[in-house]
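Asker: Sharing model31.cif (mmCIF, C-alpha atoms (C1' of nucleotides)) below.
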data_my_file
loop_
_atom_site.label_atom_id
_atom_site.label_comp_id
_atom_site.auth_asym_id
_atom_site.auth_seq_id
_atom_site.Cartn_x
_atom_site.Cartn_y
_atom_site.Cartn_z
CA MET P 5 13.64 33.63 -24.60
CA ALA P 6 10.93 32.25 -22.35
CA ARG P 7 8.31 33.16 -19.86
CA PRO P 8 9.86 34.13 -16.51
CA ARG P 9 8.99 32.35 -13.27
CA GLU P 10 6.27 34.21 -11.40
CA PHE P 11 7.35 33.23 -7.87
CA ASP P 12 10.56 33.64 -5.91
CA ILE P 13 12.15 30.27 -5.47
CA GLU P 14 13.84 31.17 -2.17
CA ASP P 15 10.57 32.45 -0.81
CA ALA P 16 8.71 29.31 -1.88
CA LEU P 17 11.36 27.14 -0.24
CA GLU P 18 11.08 29.09 2.98
CA LYS P 19 7.33 28.49 2.96
CA ALA P 20 7.79 24.79 2.24
CA MET P 21 10.21 24.55 5.15
CA ASN P 22 7.60 26.05 7.44
CA VAL P 23 4.96 23.56 6.33
CA PHE P 24 7.33 20.65 6.95
CA TRP P 25 8.41 22.16 10.24
CA GLU P 26 4.86 22.37 11.47
CA ARG P 27 3.41 19.15 10.09
CA GLY P 28 6.40 16.86 9.68
CA TYR P 29 7.52 15.16 6.48
CA GLU P 30 4.95 12.39 6.10
CA GLU P 31 2.09 14.35 7.56
CA ALA P 32 2.60 17.23 5.14
CA SER P 33 0.55 16.35 2.05
CA MET P 34 1.15 17.87 -1.34
CA PRO P 35 -2.05 19.97 -1.05
CA ASP P 36 -0.70 21.24 2.30
CA LEU P 37 2.56 22.23 0.64
CA LEU P 38 0.89 23.66 -2.46
CA ASP P 39 -1.37 25.74 -0.25
CA GLY P 40 1.40 26.91 2.05
CA MET P 41 3.70 27.76 -0.82
CA GLY P 42 0.96 29.44 -2.82
CA LEU P 43 1.62 27.71 -6.12
CA SER P 44 0.22 24.87 -8.19
CA ARG P 45 1.36 21.34 -8.77
CA GLY P 46 2.94 21.98 -12.16
CA SER P 47 5.09 24.81 -10.87
CA LEU P 48 6.17 22.93 -7.78
CA TYR P 49 7.16 19.71 -9.51
CA LYS P 50 8.96 21.67 -12.26
CA ALA P 51 10.98 23.62 -9.70
CA PHE P 52 11.59 20.96 -7.02
CA THR P 53 11.27 17.57 -8.78
CA ASP P 54 9.33 15.76 -6.05
CA LYS P 55 8.38 15.78 -2.39
CA LYS P 56 11.56 14.25 -1.09
CA THR P 57 13.90 16.63 -2.89
CA LEU P 58 11.74 19.50 -1.72
CA PHE P 59 12.21 18.21 1.80
CA LEU P 60 15.97 17.87 1.37
CA LYS P 61 16.07 21.48 0.10
CA SER P 62 13.96 22.50 3.08
CA LEU P 63 16.40 20.78 5.43
CA GLU P 64 19.21 22.64 3.69
CA ASN P 65 17.33 25.90 4.13
CA TYR P 66 16.72 25.08 7.80
CA ASP P 67 20.39 24.35 8.22
CA GLN P 68 21.49 27.58 6.58
CA HIS P 69 19.10 29.78 8.50
CA ILE P 70 17.98 28.30 11.80
CA VAL P 71 20.88 26.00 12.66
CA CYS P 72 23.58 28.38 11.49
CA ASP P 73 22.02 31.22 13.47
CA ALA P 74 22.00 29.11 16.60
CA ALA P 75 25.53 27.88 15.99
CA ALA P 76 26.74 31.42 15.39
CA SER P 77 25.20 32.66 18.62
CA LEU P 78 27.08 29.92 20.45
CA SER P 79 30.47 29.93 18.83
CA ALA P 80 31.09 33.61 18.09
CA PRO P 81 34.34 34.96 19.56
CA PRO P 82 34.00 35.75 23.28
CA THR P 83 33.17 39.32 24.21
CA SER P 84 33.89 41.16 27.43
CA THR P 85 30.39 42.62 27.75
CA GLY P 86 27.94 39.97 26.48
CA PRO P 87 27.31 36.42 27.72
CA ASN P 88 29.89 33.70 27.14
CA GLY P 89 30.23 29.95 27.65
CA TRP P 90 27.39 28.47 29.67
CA ASP P 91 25.41 31.70 29.57
CA ARG P 92 25.30 31.57 25.80
CA ILE P 93 24.18 27.96 25.89
CA ILE P 94 21.53 28.63 28.47
CA GLY P 95 20.45 31.60 26.41
CA LEU P 96 19.84 29.29 23.47
CA PHE P 97 17.72 26.96 25.60
CA GLU P 98 15.83 29.90 27.03
CA ASN P 99 15.05 31.08 23.52
CA VAL P 100 13.47 27.70 22.89
CA ALA P 101 11.38 28.02 26.06
CA ASP P 102 10.39 31.56 25.11
CA ALA P 103 9.20 30.38 21.71
CA TRP P 104 7.20 27.69 23.51
CA ASP P 105 5.63 30.33 25.76
CA ALA P 106 4.69 32.28 22.65
CA GLY P 107 2.76 29.23 21.40
CA ASP P 108 5.35 27.69 19.12
CA ARG P 109 4.75 23.92 19.13
CA ARG P 110 6.80 23.08 16.05
CA GLY P 111 9.82 21.73 17.85
CA CYS P 112 12.90 21.27 15.68
CA LEU P 113 12.73 20.17 12.05
CA LEU P 114 15.96 18.20 12.46
CA CYS P 115 14.71 16.35 15.54
CA SER P 116 11.35 15.55 13.96
CA ALA P 117 13.06 14.29 10.83
CA ALA P 118 15.37 12.16 12.97
CA VAL P 119 12.55 10.04 14.34
CA GLY P 120 10.58 10.18 11.09
CA PRO P 121 12.01 9.86 7.57
CA ALA P 122 15.64 9.67 8.71
CA SER P 123 14.85 6.24 10.12
CA TYR P 124 14.36 4.78 6.66
CA ASP P 125 16.03 7.19 4.21
CA ALA P 126 19.80 7.48 4.14
CA GLU P 127 19.94 10.86 2.38
CA ILE P 128 17.65 12.47 4.91
CA ALA P 129 19.54 10.77 7.73
CA ASP P 130 22.79 12.26 6.45
CA ALA P 131 21.36 15.76 6.31
CA VAL P 132 19.92 15.43 9.82
CA SER P 133 23.13 14.03 11.22
CA GLN P 134 25.13 16.81 9.61
CA GLY P 135 22.92 19.49 11.15
CA LEU P 136 23.07 17.93 14.59
CA MET P 137 26.85 17.66 14.41
CA LYS P 138 27.06 21.33 13.49
CA LEU P 139 25.16 22.09 16.66
CA ARG P 140 27.41 19.77 18.64
CA HIS P 141 30.53 21.59 17.51
CA ALA P 142 28.98 24.93 18.34
CA PHE P 143 28.29 23.72 21.90
CA ALA P 144 31.86 22.52 22.19
CA ALA P 145 33.17 25.81 20.81
CA ALA P 146 31.10 27.84 23.26
CA LEU P 147 32.71 26.06 26.21
CA GLY P 148 36.28 26.24 24.97
CA GLU P 149 38.71 23.71 26.40
CA HIS P 150 36.10 21.83 28.46
CA GLY P 151 33.69 21.74 25.53
CA GLU P 152 34.23 18.18 24.37
CA LYS P 153 33.27 16.89 27.80
CA TYR P 154 29.78 18.39 27.63
CA ALA P 155 29.02 18.67 23.91
CA ASP P 156 27.28 15.30 23.47
CA MET P 157 25.30 15.77 26.64
CA LEU P 158 24.08 19.16 25.46
CA VAL P 159 23.01 17.78 22.09
CA MET P 160 20.90 15.18 23.85
CA GLN P 161 19.37 17.82 26.08
CA TYR P 162 18.65 20.06 23.14
CA ILE P 163 16.93 17.27 21.22
CA GLY P 164 15.00 16.21 24.31
CA LEU P 165 13.77 19.72 24.96
CA ARG P 166 12.71 20.20 21.36
CA VAL P 167 10.81 16.92 21.38
CA LEU P 168 9.04 17.95 24.58
CA CYS P 169 8.12 21.25 22.93
CA ARG P 170 6.40 19.43 20.09
CA SER P 171 4.29 17.14 22.22
CA HIS P 172 1.57 18.56 24.43
CA VAL P 173 3.32 18.19 27.76
CA ALA P 174 2.48 20.14 30.91
CA PRO P 175 3.61 23.79 30.79
CA ASN P 176 6.19 23.49 33.55
CA VAL P 177 8.01 20.53 32.01
CA VAL P 178 9.63 22.69 29.35
CA HIS P 179 10.62 25.37 31.85
CA ASN P 180 11.95 22.89 34.38
CA GLY P 181 13.98 21.33 31.62
CA VAL P 182 15.68 24.62 30.87
CA LYS P 183 16.19 25.48 34.53
CA SER P 184 17.84 22.13 35.16
CA LEU P 185 20.75 23.41 33.07
CA TYR P 186 21.59 25.96 35.75
CA VAL P 187 23.06 23.05 37.70
CA LEU P 188 25.67 22.55 35.02
CA ARG P 189 26.51 26.23 34.74
CA ASP P 190 26.90 26.57 38.51
CA LEU P 191 29.25 23.64 38.95
CA MET L 27 -22.13 -19.70 23.39
CA ALA L 28 -20.04 -18.55 20.46
CA ARG L 29 -16.99 -19.31 18.46
CA PRO L 30 -13.89 -18.59 20.50
CA ARG L 31 -11.25 -16.15 19.31
CA GLU L 32 -8.41 -17.98 17.56
CA PHE L 33 -5.64 -15.58 18.55
CA ASP L 34 -4.38 -14.35 21.90
CA ILE L 35 -5.31 -10.72 22.28
CA GLU L 36 -2.32 -9.90 24.49
CA ASP L 37 -0.01 -11.52 22.01
CA ALA L 38 -1.56 -9.63 19.10
CA LEU L 39 -1.23 -6.36 21.00
CA GLU L 40 2.42 -7.07 21.71
CA LYS L 41 2.99 -7.62 17.99
CA ALA L 42 1.11 -4.45 17.10
CA MET L 43 3.25 -2.53 19.56
CA ASN L 44 6.37 -3.83 17.87
CA VAL L 45 5.15 -2.75 14.44
CA PHE L 46 4.36 0.75 15.72
CA TRP L 47 7.66 0.85 17.58
CA GLU L 48 9.59 0.04 14.45
CA ARG L 49 7.67 2.02 11.86
CA GLY L 50 5.98 4.79 13.81
CA TYR L 51 2.27 5.54 13.96
CA GLU L 52 1.62 7.12 10.57
CA GLU L 53 4.18 5.05 8.71
CA ALA L 54 2.65 1.79 9.94
CA SER L 55 -0.08 0.95 7.43
CA MET L 56 -2.92 -1.42 8.14
CA PRO L 57 -1.36 -4.10 5.90
CA ASP L 58 1.86 -3.70 7.93
CA LEU L 59 -0.05 -4.22 11.15
CA LEU L 60 -2.18 -7.07 9.78
CA ASP L 61 0.95 -8.79 8.58
CA GLY L 62 2.88 -8.24 11.79
CA MET L 63 -0.01 -9.33 13.96
CA GLY L 64 -0.80 -12.31 11.77
CA LEU L 65 -4.54 -11.72 11.50
CA SER L 66 -6.99 -10.33 9.02
CA ARG L 67 -8.86 -7.05 8.82
CA GLY L 68 -12.13 -8.35 10.20
CA SER L 69 -10.52 -9.80 13.30
CA LEU L 70 -8.43 -6.72 13.94
CA TYR L 71 -11.21 -4.19 13.63
CA LYS L 72 -13.53 -6.36 15.72
CA ALA L 73 -11.00 -6.61 18.52
CA PHE L 74 -9.43 -3.14 18.43
CA THR L 75 -12.01 -0.82 16.82
CA ASP L 76 -9.62 1.17 14.66
CA LYS L 77 -6.00 2.15 14.12
CA LYS L 78 -5.89 4.90 16.70
CA THR L 79 -7.33 2.82 19.54
CA LEU L 80 -4.96 0.03 18.59
CA PHE L 81 -2.17 2.55 18.94
CA LEU L 82 -3.44 3.78 22.29
CA LYS L 83 -3.57 0.18 23.50
CA SER L 84 -0.06 -0.33 22.17
CA LEU L 85 1.11 2.72 24.10
CA GLU L 86 -0.53 1.28 27.19
CA ASN L 87 1.22 -2.02 26.59
CA TYR L 88 4.53 -0.19 26.11
CA ASP L 89 3.93 1.67 29.33
CA GLN L 90 3.12 -1.46 31.30
CA HIS L 91 6.07 -3.45 30.02
CA ILE L 92 8.94 -1.30 28.80
CA VAL L 93 8.46 1.88 30.81
CA CYS L 94 7.50 0.14 34.03
CA ASP L 95 10.50 -2.16 33.76
CA ALA L 96 12.81 0.80 33.32
CA ALA L 97 11.13 2.71 36.13
CA ALA L 98 11.34 -0.31 38.42
CA SER L 99 15.06 -0.74 37.74
CA LEU L 100 15.55 2.88 38.73
CA SER L 101 13.33 3.31 41.74
CA ALA L 102 13.59 -0.05 43.51
CA PRO L 103 14.68 0.20 47.15
CA PRO L 104 18.46 0.69 47.48
CA THR L 105 20.54 -2.44 48.04
CA SER L 106 23.92 -2.76 49.68
CA THR L 107 25.39 -4.95 46.94
CA GLY L 108 23.95 -3.76 43.61
CA PRO L 109 24.19 -0.35 41.92
CA ASN L 110 22.30 2.62 43.34
CA GLY L 111 21.64 6.26 42.42
CA TRP L 112 23.65 7.45 39.46
CA ASP L 113 24.91 3.96 38.72
CA ARG L 114 21.39 2.75 38.18
CA ILE L 115 20.64 5.67 35.89
CA ILE L 116 23.80 5.19 33.90
CA GLY L 117 22.98 1.50 33.71
CA LEU L 118 19.68 2.37 32.05
CA PHE L 119 21.42 4.57 29.50
CA GLU L 120 24.01 1.89 28.89
CA ASN L 121 21.25 -0.61 28.20
CA VAL L 122 20.00 1.72 25.50
CA ALA L 123 23.47 1.92 23.99
CA ASP L 124 23.84 -1.86 24.17
CA ALA L 125 20.57 -2.32 22.31
CA TRP L 126 21.87 0.12 19.72
CA ASP L 127 25.07 -1.91 19.37
CA ALA L 128 22.95 -5.01 18.84
CA GLY L 129 21.30 -3.30 15.88
CA ASP L 130 18.16 -1.95 17.53
CA ARG L 131 17.21 1.25 15.67
CA ARG L 132 13.66 1.55 16.98
CA GLY L 133 14.32 4.25 19.52
CA CYS L 134 11.51 4.81 22.02
CA LEU L 135 7.85 4.50 21.13
CA LEU L 136 6.97 7.33 23.50
CA CYS L 137 9.57 9.68 22.01
CA SER L 138 8.56 8.87 18.45
CA ALA L 139 4.92 9.41 19.30
CA ALA L 140 5.81 12.71 20.93
CA VAL L 141 7.06 14.28 17.69
CA GLY L 142 4.47 12.44 15.59
CA PRO L 143 0.80 11.93 16.46
CA ALA L 144 1.05 13.55 19.90
CA SER L 145 1.52 16.87 18.12
CA TYR L 146 -2.04 16.83 16.82
CA ASP L 147 -3.95 14.32 18.97
CA ALA L 148 -4.72 15.13 22.58
CA GLU L 149 -5.40 11.55 23.71
CA ILE L 150 -2.08 10.32 22.37
CA ALA L 151 -0.34 13.36 23.82
CA ASP L 152 -1.79 12.54 27.24
CA ALA L 153 -0.59 8.95 27.10
CA VAL L 154 2.88 10.05 25.99
CA SER L 155 3.10 12.72 28.65
CA GLN L 156 2.01 10.26 31.31
CA GLY L 157 4.68 7.77 30.32
CA LEU L 158 7.41 10.38 30.28
CA MET L 159 6.38 11.66 33.69
CA LYS L 160 6.55 8.14 35.06
CA LEU L 161 10.13 8.00 33.86
CA ARG L 162 10.82 11.41 35.36
CA HIS L 163 9.65 10.31 38.79
CA ALA L 164 11.72 7.17 38.56
CA PHE L 165 14.83 9.26 37.87
CA ALA L 166 14.01 11.47 40.82
CA ALA L 167 13.41 8.45 43.05
CA ALA L 168 16.72 6.88 42.06
CA LEU L 169 18.62 9.96 43.22
CA GLY L 170 16.78 10.41 46.52
CA GLU L 171 16.85 13.88 48.05
CA HIS L 172 18.76 15.51 45.16
CA GLY L 173 16.52 13.85 42.60
CA GLU L 174 14.29 16.80 41.75
CA LYS L 175 17.30 18.85 40.75
CA TYR L 176 18.30 16.43 37.99
CA ALA L 177 15.06 14.69 37.00
CA ASP L 178 14.02 17.02 34.18
CA MET L 179 17.53 17.12 32.82
CA LEU L 180 17.68 13.33 32.72
CA VAL L 181 14.37 13.09 30.92
CA MET L 182 15.67 15.41 28.22
CA GLN L 183 18.85 13.38 27.94
CA TYR L 184 16.90 10.14 27.73
CA ILE L 185 14.66 11.47 24.96
CA GLY L 186 17.63 12.92 23.12
CA LEU L 187 19.52 9.65 23.24
CA ARG L 188 16.53 7.66 22.06
CA VAL L 189 15.97 10.04 19.15
CA LEU L 190 19.63 9.72 18.17
CA CYS L 191 19.25 5.94 18.29
CA ARG L 192 16.43 6.07 15.77
CA SER L 193 18.19 8.26 13.20
CA HIS L 194 21.24 6.91 11.40
CA VAL L 195 23.88 8.92 13.21
CA ALA L 196 27.56 8.02 13.42
CA PRO L 197 28.26 5.05 15.73
CA ASN L 198 30.22 7.03 18.32
CA VAL L 199 27.55 9.66 18.83
CA VAL L 200 25.36 7.30 20.84
CA HIS L 201 28.26 6.06 22.93
CA ASN L 202 29.62 9.54 23.58
CA GLY L 203 26.16 10.57 24.64
CA VAL L 204 26.06 7.88 27.30
CA LYS L 205 29.62 8.53 28.44
CA SER L 206 28.89 12.21 28.88
CA LEU L 207 26.71 11.19 31.83
CA TYR L 208 29.79 10.11 33.77
CA VAL L 209 30.45 13.79 34.32
CA LEU L 210 27.26 14.08 36.33
CA ARG L 211 27.92 10.96 38.37
CA ASP L 212 31.44 12.05 39.22
CA LEU L 213 30.51 15.51 40.43
"C1'" DA Q 12 -27.49 -33.01 18.11
"C1'" DG Q 13 -28.54 -28.60 16.71
"C1'" DG Q 14 -29.36 -23.64 17.10
"C1'" DG Q 15 -27.60 -19.29 18.30
"C1'" DT Q 16 -23.49 -16.45 18.13
"C1'" DA Q 17 -19.34 -14.74 17.06
"C1'" DA Q 18 -14.79 -15.27 14.52
"C1'" DG Q 19 -12.25 -15.14 10.11
"C1'" DG Q 20 -11.42 -13.40 5.88
"C1'" DA Q 21 -12.32 -12.06 0.98
"C1'" DA Q 22 -14.26 -8.52 -1.56
"C1'" DC Q 23 -15.45 -4.07 -1.63
"C1'" DC Q 24 -15.49 1.24 -0.93
"C1'" DA Q 25 -14.64 6.02 -0.90
"C1'" DA Q 26 -11.25 9.20 -0.05
"C1'" DA Q 27 -6.73 10.75 -0.30
"C1'" DT Q 28 -2.10 9.94 -1.82
"C1'" DA Q 29 2.03 11.35 -4.88
"C1'" DG Q 30 2.98 12.13 -9.39
"C1'" DT Q 31 2.03 13.08 -14.76
"C1'" DT Q 32 0.13 15.09 -18.84
"C1'" DC Q 33 -1.34 18.53 -21.66
"C1'" DC Q 34 -2.62 22.97 -23.21
"C1'" DA Q 35 -3.42 27.84 -23.14
"C1'" DA Q 36 -1.39 32.07 -21.38
"C1'" DA Q 37 2.64 34.99 -21.06
"C1'" DC Q 38 6.87 36.72 -21.72
"C1'" DA Q 39 11.87 37.29 -24.21
"C1'" DC Q 40 14.04 37.62 -28.36
"C1'" DG Q 41 14.89 38.42 -33.21
"C1'" DC W 8 5.31 42.22 -34.30
"C1'" DG W 9 5.23 37.56 -34.61
"C1'" DT W 10 7.73 33.15 -33.05
"C1'" DG W 11 9.39 30.06 -29.92
"C1'" DT W 12 9.82 28.54 -25.29
"C1'" DT W 13 8.55 27.89 -20.66
"C1'" DT W 14 5.52 28.79 -17.22
"C1'" DG W 15 1.12 27.98 -14.48
"C1'" DG W 16 -2.59 25.26 -13.68
"C1'" DA W 17 -6.60 22.17 -14.57
"C1'" DA W 18 -7.59 17.57 -15.42
"C1'" DC W 19 -6.27 13.05 -15.04
"C1'" DT W 20 -4.04 8.42 -13.31
"C1'" DA W 21 -2.71 4.74 -10.67
"C1'" DT W 22 -1.94 3.42 -6.13
"C1'" DT W 23 -2.60 3.23 -1.39
"C1'" DT W 24 -4.96 4.71 2.52
"C1'" DG W 25 -8.18 3.37 6.60
"C1'" DG W 26 -12.48 1.30 7.17
"C1'" DT W 27 -16.90 -1.65 6.08
"C1'" DT W 28 -19.78 -5.38 4.54
"C1'" DC W 29 -21.14 -9.83 4.18
"C1'" DC W 30 -20.89 -14.56 4.02
"C1'" DT W 31 -18.86 -18.88 5.43
"C1'" DT W 32 -16.90 -21.48 9.14
"C1'" DA W 33 -16.37 -22.96 13.73
"C1'" DC W 34 -17.57 -23.42 18.22
"C1'" DC W 35 -20.24 -23.29 22.98
"C1'" DC W 36 -24.39 -24.23 25.36
"C1'" DT W 37 -28.73 -26.33 26.06
#
Is it possible to express this structure as structure tokens?
Answerer:
Amino acid sequence: MARPREFDIEDALEKAMNVFWERGYEEASMPDLLDGMGLSRGSLYKAFTDKKTLFLKSLENYDQHIVCDAAASLSAPPTSTGPNGWDRIIGLFENVADAWDAGDRRGCLLCSAAVGPASYDAEIADAVSQGLMKLRHAFAAALGEHGEKYADMLVMQYIGLRVLCRSHVAPNVVHNGVKSLYVLRDL
Amino acid sequence: MARPREFDIEDALEKAMNVFWERGYEEASMPDLLDGMGLSRGSLYKAFTDKKTLFLKSLENYDQHIVCDAAASLSAPPTSTGPNGWDRIIGLFENVADAWDAGDRRGCLLCSAAVGPASYDAEIADAVSQGLMKLRHAFAAALGEHGEKYADMLVMQYIGLRVLCRSHVAPNVVHNGVKSLYVLRDL
DNA sequence: AGGGTAAGGAACCAAATAGTTCCAAACACG
DNA sequence: CGTGTTTGGAACTATTTGGTTCCTTACCCT
């Protein structure tokens, strides 16, 4: 009945998310997004309405892929062989440091949005808050009965580390940040 | 020998800092700054060259006032009557929470700059990094001999809390974040 | 008093911004 | 094999961006 869409909408969204992740919401211009997604203005606006809804969809995509993966690695049922509790949490932080070593300076899309557009847009703030709370519950779940005591602290540490990863701080700051968590594990 | 400047340059810088603090670097437009500083384009550009140098000066001003105050409250010589060590640190975090209760949603200029312009501008990144390291040393100083063990962790927690303050998270998240520090004090 | 100098501010500028319009190309369906 | 519909994309628009120019006004110094 009509001409079919020539691009995969999931794929385009994934690419948009990566542009936002790297540049941030305000700093990502439409040409940046168009270029990164590999399609033209008409197609983009027809499929995603406008920049803000594209960003909200990107946040959703980030939540479903990145955040859920992290949460799953934390809150999966305990195993007898693999890491549990604090080791899982530290593993997550070490993954962040490893990505930093590999040259990843993107930080966390949620954390960047928190200081940026979430400060003046309620819808974005809700999505950010929701993602961070998902992470909080995963921390709590990983630690079992003592989880609630540390969950909020770990969220702050996670955000702090991710922010440090995005700015050009000295190399050892990120690593020292992760290592400082050993203190908590070894209590 | 010439017409004297009609505005106080320190005062104007303070106002500029507040605009950047509230809106962020990119989101603060020149009209926003002009309006907040109460002067016109010609005067501003003559006194501060351009937006970026105005921001660098604002960061410097933030460092000299806000960061130095915080650092001083942490690393002053121990007293027999007032709070010391962990109590000083927790006091700093509680001040942040109090500001939040009073409606302050600005977060921390350093932390906002870290995820924003510091990600693509080396000069800004240097200034941000320098400010954060000043805070790190103050944390370490407050704790004395065990300071190095916790300093990096505290910096991450401070950044995380400030980021949460800027986004519109649920009211109890900020308070729980501060309370979670009691665990460290009571080790 | 008056000349040299710099401040203040309106008008201006080019570039970039997000968003819209319109039309030809391309495919599904009868 | 057309016909109708929707895509993709170029061209366009209005607004806002940071930054400059230039002229009037105001002041200090001799």
Asker: Please report the interatomic distance between atom CA of Asp61 of chain L and atom CA of Asn121 of chain L in Å with one decimal.
Answerer: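 Here the two named atoms are 29.4 Å from each other.
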Asker: Tell me, as a PDB file with C-alpha atoms (C1' of nucleotides), keeping the file's coordinate frame, which residues lie within 12 Å of segment 17-29 of chain Q, counting only C-alpha atoms (C1' of nucleotides); anything in the same chain fewer than 3 positions away does not count.
Answerer:
ATOM      1  CA  GLU P  30       4.950  12.390   6.100  1.00  0.00           C
ATOM      2  CA  GLU P  31       2.090  14.350   7.560  1.00  0.00           C
ATOM      3  CA  ALA P  32       2.600  17.230   5.140  1.00  0.00           C
ATOM      4  CA  SER P  33       0.550  16.350   2.050  1.00  0.00           C
ATOM      5  CA  MET P  34       1.150  17.870  -1.340  1.00  0.00           C
ATOM      6  CA  PRO P  35      -2.050  19.970  -1.050  1.00  0.00           C
ATOM      7  CA  ARG P  45       1.360  21.340  -8.770  1.00  0.00           C
ATOM      8  CA  TYR P  49       7.160  19.710  -9.510  1.00  0.00           C
ATOM      9  CA  THR P  53      11.270  17.570  -8.780  1.00  0.00           C
ATOM     10  CA  ASP P  54       9.330  15.760  -6.050  1.00  0.00           C
ATOM     11  CA  LYS P  55       8.380  15.780  -2.390  1.00  0.00           C
ATOM     12  CA  LYS P  56      11.560  14.250  -1.090  1.00  0.00           C
TER      13      LYS P  56
ATOM     14  CA  MET L  27     -22.130 -19.700  23.390  1.00  0.00           C
ATOM     15  CA  ALA L  28     -20.040 -18.550  20.460  1.00  0.00           C
ATOM     16  CA  ARG L  29     -16.990 -19.310  18.460  1.00  0.00           C
ATOM     17  CA  PRO L  30     -13.890 -18.590  20.500  1.00  0.00           C
ATOM     18  CA  ARG L  31     -11.250 -16.150  19.310  1.00  0.00           C
ATOM     19  CA  GLU L  32      -8.410 -17.980  17.560  1.00  0.00           C
ATOM     20  CA  PHE L  33      -5.640 -15.580  18.550  1.00  0.00           C
ATOM     21  CA  LEU L  60      -2.180  -7.070   9.780  1.00  0.00           C
ATOM     22  CA  GLY L  64      -0.800 -12.310  11.770  1.00  0.00           C
ATOM     23  CA  LEU L  65      -4.540 -11.720  11.500  1.00  0.00           C
ATOM     24  CA  SER L  66      -6.990 -10.330   9.020  1.00  0.00           C
ATOM     25  CA  ARG L  67      -8.860  -7.050   8.820  1.00  0.00           C
ATOM     26  CA  GLY L  68     -12.130  -8.350  10.200  1.00  0.00           C
ATOM     27  CA  SER L  69     -10.520  -9.800  13.300  1.00  0.00           C
ATOM     28  CA  LEU L  70      -8.430  -6.720  13.940  1.00  0.00           C
ATOM     29  CA  TYR L  71     -11.210  -4.190  13.630  1.00  0.00           C
ATOM     30  CA  LYS L  72     -13.530  -6.360  15.720  1.00  0.00           C
ATOM     31  CA  ALA L  73     -11.000  -6.610  18.520  1.00  0.00           C
TER      32      ALA L  73
ATOM     33  C1'  DT W  20      -4.040   8.420 -13.310  1.00  0.00           C
ATOM     34  C1'  DA W  21      -2.710   4.740 -10.670  1.00  0.00           C
ATOM     35  C1'  DT W  22      -1.940   3.420  -6.130  1.00  0.00           C
ATOM     36  C1'  DT W  23      -2.600   3.230  -1.390  1.00  0.00           C
ATOM     37  C1'  DT W  24      -4.960   4.710   2.520  1.00  0.00           C
ATOM     38  C1'  DG W  25      -8.180   3.370   6.600  1.00  0.00           C
ATOM     39  C1'  DG W  26     -12.480   1.300   7.170  1.00  0.00           C
ATOM     40  C1'  DT W  27     -16.900  -1.650   6.080  1.00  0.00           C
ATOM     41  C1'  DT W  28     -19.780  -5.380   4.540  1.00  0.00           C
ATOM     42  C1'  DC W  29     -21.140  -9.830   4.180  1.00  0.00           C
ATOM     43  C1'  DC W  30     -20.890 -14.560   4.020  1.00  0.00           C
ATOM     44  C1'  DT W  31     -18.860 -18.880   5.430  1.00  0.00           C
ATOM     45  C1'  DT W  32     -16.900 -21.480   9.140  1.00  0.00           C
ATOM     46  C1'  DA W  33     -16.370 -22.960  13.730  1.00  0.00           C
ATOM     47  C1'  DC W  34     -17.570 -23.420  18.220  1.00  0.00           C
ATOM     48  C1'  DC W  35     -20.240 -23.290  22.980  1.00  0.00           C
TER      49       DC W  35
END
Asker: So how far away is atom CA of Asp178 of chain L from atom CA of Ser184 of chain P, in Å?
Answerer: 6.5 Å
Asker: Take the PyMOL selection byres ((chain P and resi 20) around 7), run it mentally on this structure, and tell me the resulting residues as a PyMOL selection string.
Answerer: chain P and resi 16-19+21-24+37+40-41+62
Asker: Return the single residue from L:Arg114, L:Arg49, L:His91, L:Arg211 that is closest to chain P, with distances computed using only C-alpha atoms.
Answerer: L:Arg49
Asker: Between chain L and chain P, at 7 Å or less, what are the per-residue closest atom pairs and their distances in Å? Count all atoms listed in the file, order by chain and rising residue number, and return it as CSV.
Answerer:
residue,atom,partner,partner_atom,distance
L:Ser138,CA,P:Val119,CA,5.8
L:Ala140,CA,P:Ser171,CA,4.9
L:Val141,CA,P:Arg170,CA,5.7
L:Ala144,CA,P:Ser171,CA,5.4
L:Ser145,CA,P:Ser171,CA,5.0
L:Ala151,CA,P:His172,CA,5.6
L:Ser155,CA,P:Val173,CA,5.5
L:Lys175,CA,P:Ser184,CA,6.5
L:Tyr176,CA,P:Ser184,CA,6.4
L:Asp178,CA,P:Gly181,CA,5.0
L:Met179,CA,P:Ser184,CA,5.5
L:Met182,CA,P:Gly164,CA,4.0
L:Gln183,CA,P:Gln161,CA,4.8
L:Ile185,CA,P:Gly164,CA,4.8
L:Gly186,CA,P:Met160,CA,4.0
L:Leu187,CA,P:Met160,CA,5.7
L:Val189,CA,P:Val119,CA,5.9
L:Arg192,CA,P:Val119,CA,5.7
L:Ser193,CA,P:Ala118,CA,4.8
L:His194,CA,P:Ala129,CA,5.6
L:Val195,CA,P:Ser133,CA,5.5
L:Asn202,CA,P:Asp156,CA,6.2
L:Gly203,CA,P:Asp156,CA,5.0
L:Ser206,CA,P:Met157,CA,5.5
Asker: Between atom CA of Leu139 of chain P and atom CA of Asp15 of chain P, what is the spacing in Å?
Answerer: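 Separation of atom CA of Asp15 of chain P and atom CA of Leu139 of chain P: 25.0 Å.
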Asker: For Phe59 of chain P, which residue among P:Val100, P:Ala131, P:Val71, P:Leu147 is the nearest when counting all atoms listed in the file?
Answerer: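 Closest candidate: P:Ala131.
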Asker: Give as an NGL selection string every residue of chain W that touches chain P within 10 Å, counting all atoms listed in the file.
Answerer: :W and (11-17)
Asker: For each of P:Asn176, P:Ala145, P:Glu64, P:Pro82, take the minimum atom-to-atom distance to Trp104 of chain P, counting all atoms listed in the file, then give the residue where this is smallest.
Answerer: P:Asn176
